[in-house]
Amino acid sequence: MRAPGVGRGIILLFTLCCIAAGCSREKGPLRIGLAGPLTSPVGAPMRLAARMAVEEINRTGGVRGRPLALIERDDFDSQDSAVKVAANLYRTDVVAVIGHVSSGTTLAAAPVYNGGATPVVEIAPSASSPELTGAGDYTFRLSPSDAKHGATLAEWALGRLRTARAAVLYLNNDYGRGVREAFTEKYTALGGEVLMTSPYLDSPLVVGPYLDRLVADGRANLLVIAGNRTDAVEIIRQARARRLTLPVVGGDGLEGIEADGPAAEGVFLTAAYLPDEDSPKAREFLTAWKRRFPAAGNPNQPAAATYDAVYLLRQVLETGGPRRGAVRDGIARLGNATPGFEGVTGTIRFDPRGDRVDAHLVVGRVRNGHVEPAEHP
Amino acid sequence: MRFLGSLRNRLMAAQALLLLLVLVMALVGVSAIGSLERAVEQQISALASATKLSNGLVAGATQQIQAAEKYLQTPTPELERRFLSIGDSTHRLQHQLRRIGGLTAIDQAVVNQIDAYQSRVEVAYALAHALVILRRGEEARAQAAETRGPADSMLANVQQLSAVHEQRALARTSGLKRVAQQRRSVVWLLFFTALLLGLGSAAATLRSVDLPLHRLVTATERMGLGDLRPVDLGGMPIELAALGRSVNGMSAKLRSVVGSVVEESRQLSGAAQDYSAMSEELAATSSEISSAMVRVAGTAEIQARGLQEAERLLGELREITSQVTRAATRSLSLSQGAQAIAEQRGADTTGTTANLRELREAVTSGSRELREIDRYTTTIHDFIDRVRQISSQGGVLALNASIEASRAGDQGHGFTVVADEIREIAQSSANAANDVTRVMDRLQEQLARTSKALEDSANKVMLMETTSPGVSRALAEITRAIAEMQTTGEQIAEGAATGRRILAELGERTGEVARSSSEHAAVSESVSAATQQQTASTEEMASVAARLSDAAQRLMELVREFRV
């Protein structure tokens with residue numbers, strides 16, 4: 001008679017533990033990690049968009065009656081920091097992570113998110129490096145890959161700008177190299193000639209010798225900057241200082257450059273999102289954004305993609321629950337077993353390697369401090 | 001637990017458990033070996049890739065630096081492309097290195113550091129190359145010199161990474177060794193557990209067979225010694241319990257049999273004692289009958305002897321009677337002759353006196369013989385009385401025998417018949433004796449009358465003799481007397497004839513009585529013999545009853561040994 005009593009006691013204790021654990025889990029907020037350079041010009045709008053989305057969702061009752069909570073971690077756009085941030089978020093009970101922003105940090109953090117016993121989903125709103133394709137079962141991205149950006153740029157430069165001799169300055173990191181490689185491949189394939197391919201570092205940013213060489217050579221009629229907005233502005237300044245007037249094109253790394261004054265004027269850039277896009281979701285988002293953050297300026301692509309990511313996670317959590325594996329499966333099924341998610345950045349669905357299918361991409365041109373679609377140069 | 005009640009199920013369960021354990025052992029062994037293999041393979045492949053990637057990194061960096069240095073000497077587009085492509089492939093190696101499983105955050109950081117250093121080296125050389133193109137040699141050299149620090153750091157990092165990989169490989173090898181040891185211990189533990197469980201289950205099974213079996217054997221032995229109490233079936237396996245139930249069933253049957261045998265023995269013993277008593281009683285009555293019969297036979301013999309004697313006497317009587325008849329006949333013929341003489345010659349008195357003397361003698365002798373007959377008949381009468389008495393005694397005895405025989409039951413039935421027969425014989429014997437008495441009375445009467453007539457004749461003859469001188473007177477007298485004598489002689493002859501007839505009848509009756517007496521004696525003898533035989537058989541019966549009683553007693557003692 002003793003054993004059943006003990007067994008019953010154990011079962012009771014176990015049940016109580018389960019109930020207690022369940023209570024704490026069931027009632028507490030669902031945590032979503034947010035990682036990126038949250039204080040940089042690129043990352044700050046992303047944070048605002050994430051907060052806005054969470055606020056909206058929690059106002060309408062959260063997910064299955066549980067509020068969402070953001071765990072924000074700044075990686076300072078550093079790969080080392082990104083790995084640490086990733087490890088930290090992995091250990092907390094986040095159901096998914098939105099981040100990181102750049103391809104380098106996303107790639108550096110991907111093994112952390114995809115490893116261990118309970119891998120967690122990493123939704124990169126803006127990472128575009130081709131290296132990220134197939135980085136892991138739990139890594140998804142919302143922006144088109146650099147290959148897409150590079151290829152779009154190459155096609156556009158040859159087709160619209162009709163410039164067949166390009167000089168490529170690239171930030172010597174995964175992103176820069178990714179855009180450069182995609183562009184060069186497509187460009188040369190379509191008959192263009194890359195006269196110069198030169199790497200630079202954002203710190204210290206030294207591009208003088210390259211620009212001098214361009215000036216000396218004089219043949220190039222297109223300057224491709226495969227780097228970030230701040231690098232691009234500086235490079236353009238230095239180029240203009242050397243009276244280099246050739247058109248400047250760049251990838252989504254140049255996003256927001258329109259806010260950097262006259263140097264940015266006339267720059268062409270590819271973008272997965274433009275605030276002026278004409279779609280109901282985009283308009284709603286922009287209206288909400290302006291009402292919520294009147295002083296913050298226009299949202300950028302990472303902000304729009306992050307906003308989409310939060311709502312996408314809500315949908316997946318509603319249907320599949322907060323288990324990390326279920327979240328991953330729910331996202332992987334989007335556009336395959338289940339319909340795609342209609343967001344600000346268009347219909348979101350993923351291929352088996354975690355890339356977005358038919359990612360929406362436009363080329364814009366900075367004009368009077370705004371980016372406008374540049375379909376007709 | 002009910003399932004384990006059966007020996008068969010118990011054995012099957014034990015075997016299944018053993019098989020399961022062996023299977024688990026095998027599975028654990030196989031999985032241990034498999035996981036070890038996989039782990040080793042993984043480690044080796046990780047180590048190989050890490051080594052390959054590290055080597056590739058070192059080689060790439062070195063080659064890129066070489067190409068860059070060469071470009072500084074002779075800047076050609078070919079060298080520039082080569083510089084770029086080597087750089088790209090080296091960066092790809094870094095990506096691959098990042099994707100190798102099991103990199104720690106520190107490893108990642110080291111790889112990122114390598115990437116950063118390489119990027120700096122590349123940028124520095126690229127700037128130097130641009131300066132070379134711009135023919136700014138001093139600046140180019142200065143720029144190229146800036147690569148040394150990052151390049152050294154990069155190589156140092158690569159070496160550090162290799163060293164880390166090596167150390168990790170060593171650590172993992174020892175880890176694998178530990179895991180292998182643990183698995184080995186687990187397999188051994190399982191083996192010993194299986195062994196112990198096997199031995200335990202074997203012992204338990206053996207015990208579960210042995211103890212109940214021992215109980216059954218003891219019970220059976222007990223049963224053999226007469227203890228028929230049932231076997232306790234508690235805790236027995238189903239099969240042995242079934243056996244035990246059979247044994248119990250058998251003992252129950254045996255119990256009931258012994259019970260009824262005890263009861264029967266008791267009854268048998270009682271019956272045997274009754275029988276014995278009855279037999280003794282029967283034997284006693286039989287011996288009584290036997291002695292009575294012996295006595296009957298003795299009296300019958302005496303009767304027979306007496307009758308023979310009587311017959312002999314009657315024969316003598318007949319002889320005497322016939323002599324009397326003959327004498328009467330002669331006296332008749334003599335008297336006729338005397339009458340004729342008296343009538344024809346009247347004078348010859350002398351011859352007449354002589355004839356008268358002769359006649360007187362004959363009459364005297366006839367009278368004397370008749371008296372003797374009378375004496376004899378008295379004797380016969382006495383004897384007949386005795387016969388009647390004996391017959392009466394025989395009848396009483398037969399009645400007693402019949403009563404005794406009826407007490408003896410079926411055994412005495414034949415005896416009753418015999419006794420009845422005896423009684424009948426005694427009755428007929430008594431009847432015959434009565435008849436004889438009756439005849440004898442008539443005979444006595446007749447003889448008395450004859451004797452009186454003879455005495456009268458003798459007196460008349462004596463008178464004739466005394467009166468011879470007056471013969472002539474007397475002759476007429478004589479003639480009348482002779483005529484009277486003739487009449488008397490005729491009467492005598494008639495009486496004698498009657499007497500002879502009666503005697504013949506008497507002889508016949510006496511013979512009948514004698515025959516019946518001897519038959520009586522024979523029957524009595526046979527009865528006596530039968531009675532003796534019956535006595536003997538009754539004694540035998542008594543002894544058999546005693547033996548039966550003994551047997552019943554023994555049986556009861558035997559049965560009493562059974563404990564029910």
# chains A, B, ... in the order shown; residues from 1 in each chain; ligands from 1
$ closest_atom_pairs --of "chain B" --to "chain A" --cutoff "12 Å" --atoms "only C-alpha atoms" --output "CSV"
residue,atom,partner,partner_atom,distance
B:Pro77,CA,A:Met196,CA,9.6
B:Glu80,CA,A:Thr197,CA,9.1
B:Arg81,CA,A:Thr197,CA,9.0
B:Phe83,CA,A:Thr197,CA,11.0
B:Leu84,CA,A:Thr197,CA,8.4
B:Ser85,CA,A:Glu181,CA,10.5
B:Gly87,CA,A:Asn172,CA,10.2
B:Asp88,CA,A:Arg177,CA,8.0
B:Ser89,CA,A:Arg177,CA,11.3
B:His91,CA,A:Asp174,CA,8.4
B:Arg92,CA,A:Glu131,CA,8.6
B:Leu93,CA,A:Glu131,CA,11.5
B:Gln94,CA,A:Asp174,CA,10.7
B:His95,CA,A:Glu131,CA,7.8
B:Gln96,CA,A:Glu131,CA,9.8
B:Leu97,CA,A:Pro111,CA,10.8
B:Arg98,CA,A:Pro111,CA,7.4
B:Arg99,CA,A:Pro111,CA,6.5
B:Ile100,CA,A:Pro111,CA,8.7
B:Gly101,CA,A:Gly115,CA,7.8
B:Gly102,CA,A:Gly115,CA,8.2
B:Leu103,CA,A:Pro111,CA,8.4
B:Thr104,CA,A:Val112,CA,8.7
B:Ala105,CA,A:Val83,CA,6.4
B:Ile106,CA,A:Asp80,CA,8.8
B:Asp107,CA,A:Asp80,CA,10.3
B:Gln108,CA,A:Ala108,CA,7.2
B:Ala109,CA,A:Asp80,CA,5.4
B:Val110,CA,A:Asp80,CA,8.9
B:Val111,CA,A:Ala108,CA,9.4
B:Asn112,CA,A:Gln79,CA,6.8
B:Gln113,CA,A:Asp80,CA,8.5
B:Ile114,CA,A:Gln79,CA,11.8
B:Asp115,CA,A:Asn173,CA,8.2
B:Ala116,CA,A:Asn173,CA,8.0
B:Tyr117,CA,A:Asn172,CA,10.6
B:Gln118,CA,A:Asn172,CA,9.3
B:Ser119,CA,A:Asn172,CA,5.7
B:Arg120,CA,A:Leu201,CA,7.2
B:Val121,CA,A:Asn172,CA,10.3
B:Glu122,CA,A:Pro199,CA,7.3
B:Val123,CA,A:Pro199,CA,5.4
B:Ala124,CA,A:Tyr200,CA,8.5
B:Tyr125,CA,A:Pro199,CA,9.6
B:Ala126,CA,A:Ser198,CA,6.4
B:Leu127,CA,A:Pro209,CA,6.1
B:Ala128,CA,A:Pro209,CA,8.3
B:His129,CA,A:Pro209,CA,8.9
B:Ala130,CA,A:Pro209,CA,5.6
B:Leu131,CA,A:Pro209,CA,5.9
B:Val132,CA,A:Pro209,CA,9.4
B:Ile133,CA,A:Arg213,CA,7.2
B:Leu134,CA,A:Arg213,CA,6.3
B:Arg135,CA,A:Arg213,CA,10.1
B:Arg136,CA,A:Pro209,CA,9.5
B:Glu139,CA,A:Pro209,CA,10.0
B:Ala140,CA,A:Pro209,CA,9.8
B:Gln143,CA,A:Pro209,CA,10.8
$ residues_around --residues "segment 227-234 of chain B" --least-positions-apart "4" --cutoff "9 Å" --atoms "only C-alpha atoms" --output "count of residues only"
24
$ residues_around --residues "segment 54-68 of chain B" --least-positions-apart "3" --cutoff "6 Å" --atoms "only C-alpha atoms" --output "ChimeraX atom specification"
/B:50-51,71,83,86,90
$ atom_distance --atom1 "atom CA of Asn300 of chain A" --atom2 "atom CA of Ala271 of chain A"
9.4 Å
$ residues_around --residues "segment 123-127 of chain A" --least-positions-apart "4" --cutoff "7 Å" --atoms "only C-alpha atoms" --output "PDB file with C-alpha atoms, in the first residue's frame"
ATOM      1  CA  VAL A  97      14.071  36.998 -32.517  1.00  0.00           C
ATOM      2  CA  ILE A  98      13.649  39.799 -35.009  1.00  0.00           C
ATOM      3  CA  GLY A  99      17.146  40.789 -36.185  1.00  0.00           C
ATOM      4  CA  HIS A 100      19.776  41.469 -36.920  1.00  0.00           C
ATOM      5  CA  VAL A 101      19.924  44.342 -39.329  1.00  0.00           C
ATOM      6  CA  SER A 102      23.104  43.937 -41.335  1.00  0.00           C
ATOM      7  CA  SER A 103      24.071  40.760 -43.155  1.00  0.00           C
ATOM      8  CA  THR A 106      22.840  38.240 -39.002  1.00  0.00           C
ATOM      9  CA  THR A 139      16.852  31.698 -40.137  1.00  0.00           C
ATOM     10  CA  PHE A 140      14.428  33.608 -42.351  1.00  0.00           C
ATOM     11  CA  ARG A 141      14.773  36.989 -43.967  1.00  0.00           C
ATOM     12  CA  LEU A 142      12.240  39.510 -45.157  1.00  0.00           C
ATOM     13  CA  SER A 143      14.411  41.550 -47.521  1.00  0.00           C
ATOM     14  CA  PRO A 302      13.963  47.605 -41.588  1.00  0.00           C
ATOM     15  CA  ALA A 305       9.908  44.720 -42.276  1.00  0.00           C
ATOM     16  CA  THR A 306      10.129  44.605 -38.461  1.00  0.00           C
TER      17      THR A 306
END
$ select_by_dssp --residues "segment 123-255 of chain A" --states "strand (DSSP E)" --output "list in words"
Ile123, Ala124, Thr139, Phe140, Arg141, Arg165, Ala166, Ala167, Val168, Leu169, Tyr170, Leu171, Glu193, Val194, Leu195, Met196, Thr197, Ser198, Pro199, Tyr200, Leu222, Leu223, Val224, Ile225, Ala226, Val248, Val249 and Gly250 of chain A
$ write_last_selection --atoms "N, CA and C atoms" --output "short mmCIF file (atom, residue, chain, number, x, y, z; two decimals), in the first residue's frame"
data_model
loop_
_atom_site.label_atom_id
_atom_site.label_comp_id
_atom_site.auth_asym_id
_atom_site.auth_seq_id
_atom_site.Cartn_x
_atom_site.Cartn_y
_atom_site.Cartn_z
N ILE A 123 14.31 36.13 -37.50
CA ILE A 123 13.76 36.77 -38.70
C ILE A 123 14.57 38.06 -38.95
N ALA A 124 15.34 38.01 -40.03
CA ALA A 124 16.16 39.20 -40.36
C ALA A 124 15.32 40.12 -41.24
N THR A 139 16.54 30.34 -39.68
CA THR A 139 16.85 31.70 -40.14
C THR A 139 16.01 32.05 -41.36
N PHE A 140 15.26 33.11 -41.25
CA PHE A 140 14.43 33.61 -42.35
C PHE A 140 14.78 35.09 -42.56
N ARG A 141 14.58 35.54 -43.78
CA ARG A 141 14.77 36.99 -43.97
C ARG A 141 13.64 37.56 -44.80
N ARG A 165 30.20 50.95 -68.02
CA ARG A 165 31.55 50.87 -67.45
C ARG A 165 31.45 51.35 -65.99
N ALA A 166 31.57 50.39 -65.14
CA ALA A 166 31.31 50.70 -63.75
C ALA A 166 32.57 50.61 -62.90
N ALA A 167 32.59 51.42 -61.88
CA ALA A 167 33.61 51.29 -60.83
C ALA A 167 32.86 50.92 -59.54
N VAL A 168 33.36 49.88 -58.89
CA VAL A 168 32.65 49.39 -57.71
C VAL A 168 33.49 49.63 -56.45
N LEU A 169 32.90 50.40 -55.54
CA LEU A 169 33.53 50.56 -54.23
C LEU A 169 32.66 49.76 -53.25
N TYR A 170 33.28 48.89 -52.57
CA TYR A 170 32.46 48.06 -51.67
C TYR A 170 33.03 48.06 -50.26
N LEU A 171 32.09 48.07 -49.35
CA LEU A 171 32.47 47.93 -47.94
C LEU A 171 32.95 46.50 -47.77
N GLU A 193 31.14 46.39 -68.14
CA GLU A 193 32.55 46.17 -67.78
C GLU A 193 32.83 46.84 -66.44
N VAL A 194 33.40 46.01 -65.52
CA VAL A 194 33.76 46.57 -64.23
C VAL A 194 35.23 46.97 -64.30
N LEU A 195 35.47 48.29 -64.29
CA LEU A 195 36.85 48.78 -64.46
C LEU A 195 37.64 48.69 -63.17
N MET A 196 36.94 48.84 -62.06
CA MET A 196 37.67 48.87 -60.78
C MET A 196 36.80 48.28 -59.69
N THR A 197 37.41 47.43 -58.90
CA THR A 197 36.69 46.88 -57.77
C THR A 197 37.56 47.10 -56.54
N SER A 198 37.11 47.99 -55.68
CA SER A 198 37.97 48.36 -54.57
C SER A 198 37.25 48.28 -53.22
N PRO A 199 37.85 47.63 -52.24
CA PRO A 199 37.24 47.54 -50.92
C PRO A 199 37.58 48.74 -50.04
N TYR A 200 36.75 49.00 -49.13
CA TYR A 200 37.06 50.03 -48.13
C TYR A 200 36.54 49.59 -46.78
N LEU A 222 29.88 54.97 -64.17
CA LEU A 222 28.94 54.60 -63.09
C LEU A 222 29.73 54.27 -61.84
N LEU A 223 29.29 54.88 -60.78
CA LEU A 223 29.94 54.57 -59.50
C LEU A 223 28.94 53.76 -58.66
N VAL A 224 29.34 52.52 -58.40
CA VAL A 224 28.50 51.65 -57.55
C VAL A 224 29.10 51.66 -56.14
N ILE A 225 28.25 52.01 -55.17
CA ILE A 225 28.72 51.98 -53.79
C ILE A 225 27.96 50.84 -53.08
N ALA A 226 28.73 49.77 -52.85
CA ALA A 226 28.14 48.63 -52.14
C ALA A 226 28.51 48.77 -50.67
N VAL A 248 25.72 57.81 -59.16
CA VAL A 248 26.03 56.90 -58.04
C VAL A 248 24.79 56.01 -57.79
N VAL A 249 25.05 54.74 -57.77
CA VAL A 249 23.97 53.79 -57.42
C VAL A 249 24.43 52.93 -56.23
N GLY A 250 23.44 52.47 -55.48
CA GLY A 250 23.78 51.61 -54.34
C GLY A 250 22.63 50.67 -53.99
#
$ residues_around --residues "Leu153 of chain A" --least-positions-apart "4" --cutoff "7 Å" --atoms "only C-alpha atoms" --output "list in words"
His149, Ala157, Phe183 and Thr270 of chain A
$ closest_residue --among "B:Ile373, B:Met236, B:Leu189, B:Leu199" --to "Glu445 of chain B" --atoms "only C-alpha atoms"
B:Ile373
$ select_by_dssp --residues "segment 226-353 of chain A" --states "helix (DSSP H, G or I)" --output "PyMOL selection string"
chain A and resi 229-241+252-254+257-264+280-292+301-320+324-333
$ closest_residue --among "A:Lys186, A:Arg160, A:Arg219, A:Arg314" --to "Lys148 of chain A" --atoms "only C-alpha atoms"
A:Lys186
